[in-house]
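Read the structure below first, then the notes.
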Amino acid sequence: MKGKRLRQTLRLFSILEPVKRTEYMGKNNIFASIGENCSIEDRIIPLYAKCIRIGNNVRLASHVALVTHDVSHFVLNNMCEKSVGEGTRLHEKIGCIDIGNNVFVGSNTTILYNVKIGNNVIVGAGSVVNRDIPDNSVAVGVPARVIGTFDDFVKKRKKDTPYPQEIAVSNQWISDKLIAWCWEQFDKNHSNSDTNGGNQ
């Protein structure tokens with residue numbers, strides 16, 4: 001990791017709140033651009049971060065990898081040299097990532113280079129995004145594929161039972177009462193699976 005990127009990454013480790021870390025990234029022009037009301041959980045600056053654009057109201061959960069390059073050329077060049085001798089050498093592949101407005105990307109997702117994620121998109125945790133995702137989509141999987149619409153996702157979330165506001169989450173901390181409420185909801189929602197032989 002080169003000097004400036006290393007210094008910026010170390011600085012990110014000292015900023016505890018993801019919104020403040022993201023503000024630091026914006027003020028220091030780490031990405032090609034980053035919009036307003038964004039939150040990036042990760043503290044490691046991606047390689048070639050200037051090849052990444054992030055829109056407004058974007059949330060990148062923990063361990064989202066933004067991969068702007070491919071270094072498989074090292075393996076291929078070594079393999080070719082050993083089998084057929086020196087020839088045309090392959091070079092590192094570099095590409096851009098463009099994330100639109102109103103996007104949530106779940107934890108442990110990898111977004112590869114030359115991918116555009118549209119506006120109003122949800123990407124499920126653990127996905128590998130290796131192709132564009134259109135506007136107003138929900139995408140999941142390896143590789144990620146569209147499984148629904150953003151509007152349907154919003155409607156479904158609105159039907160979720162909200163926890164009582166008097167025991168709401170505060171600064172990423174939950175009370176014993178909220179923990180008890182979560183287990184009560186969990187047990188209630190899973191009581192049918194117990195009588196039907198559990199989740200298979």
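Residues in the structure tokens are numbered from 1 in each chain, the chains being A, B, ... in the order shown, and ligands are numbered from 1 in the order shown.
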- Residues of segment 50-136 of chain A in strand (DSSP E or B) according to DSSP, as a ChimeraX atom specification? /A:52-54,58-60,65-67,69-70,93-94,97-99,103-105,110-112,115-117,121-123,128-129,133
Would you mind listing, for every residue of segment 91-140 of chain A within 10 Å of segment 28-32 of chain A, the two atoms forming the shortest contact and the distance between them in Å to one decimal, using only C-alpha atoms, sorted by chain and ascending residue number, as JSON lines?
```
{"residue": "A:Cys96", "atom": "CA", "partner": "A:Ala32", "partner_atom": "CA", "distance": 9.7}
{"residue": "A:Ile97", "atom": "CA", "partner": "A:Ala32", "partner_atom": "CA", "distance": 9.9}
{"residue": "A:Asp98", "atom": "CA", "partner": "A:Ala32", "partner_atom": "CA", "distance": 9.6}
```
Dump as an mmCIF file, in the first residue's frame, selection limited to N, CA and C atoms:
```cif
data_model
loop_
_atom_site.group_PDB
_atom_site.id
_atom_site.type_symbol
_atom_site.label_atom_id
_atom_site.label_comp_id
_atom_site.auth_asym_id
_atom_site.auth_seq_id
_atom_site.Cartn_x
_atom_site.Cartn_y
_atom_site.Cartn_z
ATOM 1 N N CYS A 96 -13.792 0.622 -14.071
ATOM 2 C CA CYS A 96 -14.515 1.538 -13.179
ATOM 3 C C CYS A 96 -15.746 0.866 -12.572
ATOM 4 N N ILE A 97 -16.175 1.427 -11.445
ATOM 5 C CA ILE A 97 -17.406 1.010 -10.764
ATOM 6 C C ILE A 97 -18.241 2.263 -10.558
ATOM 7 N N ASP A 98 -19.514 2.204 -10.948
ATOM 8 C CA ASP A 98 -20.416 3.347 -10.800
ATOM 9 C C ASP A 98 -21.641 2.889 -10.012
#
```
- Skip Val115 of chain A itself and residues of its chain fewer than 3 positions away, then list as JSON, numbers by chain all residues within 8 Å of it, counting only C-alpha atoms. {"A": [96, 97, 98, 111, 112, 129, 130, 131, 132, 133]}
- Residue among A:Leu10, A:Lys50, A:Val121, A:Ile174 lying closest to Val140 of chain A, counting only C-alpha atoms: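 Among the listed residues, the smallest separation from Val140 of chain A belongs to A:Val121.
Between atom CA of Lys155 of chain A and atom CA of Pro18 of chain A the separation is 27.3 Å.
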- The residue from A:Pro164, A:Val64, A:Thr149, A:Asn78 with the smallest atom-to-atom distance to Gly126 of chain A, counting only C-alpha atoms, is A:Val64
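Note that the spacing between atom CA of Lys27 of chain A and atom CA of Val123 of chain A amounts to 26.5 Å.
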- Item | Interatomic distance, atom CA of Ala139 of chain A to atom CA of Thr161 of chain A (Å, one decimal) |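 Atom-to-atom, atom CA of Ala139 of chain A and atom CA of Thr161 of chain A are spaced 23.7 Å apart.
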- Item | Residues near Gly124 of chain A, cut-off 10 Å, only C-alpha atoms, skip fewer than 2 positions along chain, as a list in words |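 My list of contacting residues is Phe104, Val105, Gly106, Ser107, Asn108, Thr109, Val121, Ile122, Gly126, Ser127, Val128, Val138, Ala139, Val140, Gly141 and Ala144 of chain A.
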Okay, now the selection with C-alpha atoms, as an mmCIF file, in the first residue's frame?
```
data_model
loop_
_atom_site.group_PDB
_atom_site.id
_atom_site.type_symbol
_atom_site.label_atom_id
_atom_site.label_comp_id
_atom_site.auth_asym_id
_atom_site.auth_seq_id
_atom_site.Cartn_x
_atom_site.Cartn_y
_atom_site.Cartn_z
ATOM 1 C CA PHE A 104 -27.872 -0.506 -0.286
ATOM 2 C CA VAL A 105 -25.181 -3.169 -0.663
ATOM 3 C CA GLY A 106 -25.249 -5.976 1.920
ATOM 4 C CA SER A 107 -22.225 -7.226 3.824
ATOM 5 C CA ASN A 108 -19.559 -9.456 2.242
ATOM 6 C CA THR A 109 -20.539 -8.424 -1.273
ATOM 7 C CA VAL A 121 -31.138 -0.829 -5.916
ATOM 8 C CA ILE A 122 -30.758 -3.359 -3.098
ATOM 9 C CA GLY A 126 -22.722 -12.148 0.027
ATOM 10 C CA SER A 127 -23.411 -11.345 -3.615
ATOM 11 C CA VAL A 128 -20.845 -11.097 -6.400
ATOM 12 C CA VAL A 138 -33.213 -6.165 -5.970
ATOM 13 C CA ALA A 139 -30.277 -8.421 -6.870
ATOM 14 C CA VAL A 140 -28.715 -11.332 -4.966
ATOM 15 C CA GLY A 141 -26.461 -14.306 -5.506
ATOM 16 C CA ALA A 144 -25.833 -11.514 -8.616
#
```
- All helix (DSSP H, G or I) residues (DSSP, backbone) inside segment 18-174 of chain A, as JSON, numbers by chain: {"A": [18, 19, 20, 21, 22, 23, 24, 25, 26, 27, 49, 50, 51, 73, 74, 75, 76, 77, 78, 79, 80, 81, 82, 83, 84, 150, 151, 152, 153, 154, 155, 156, 157, 158, 159, 165, 166, 167]}
- Out of A:Thr110, A:Asn57, A:Ser170, A:Gln165, which residue has the shortest atom-to-atom distance to Pro143 of chain A when counting only C-alpha atoms?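 Using only C-alpha atoms, the shortest distance to Pro143 of chain A belongs to A:Thr110.
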- Contacts of Val58 of chain A at 7 Å (only C-alpha atoms; same-chain gap of 4+ positions) as a PyMOL selection string: chain A and resi 37-39+101-104
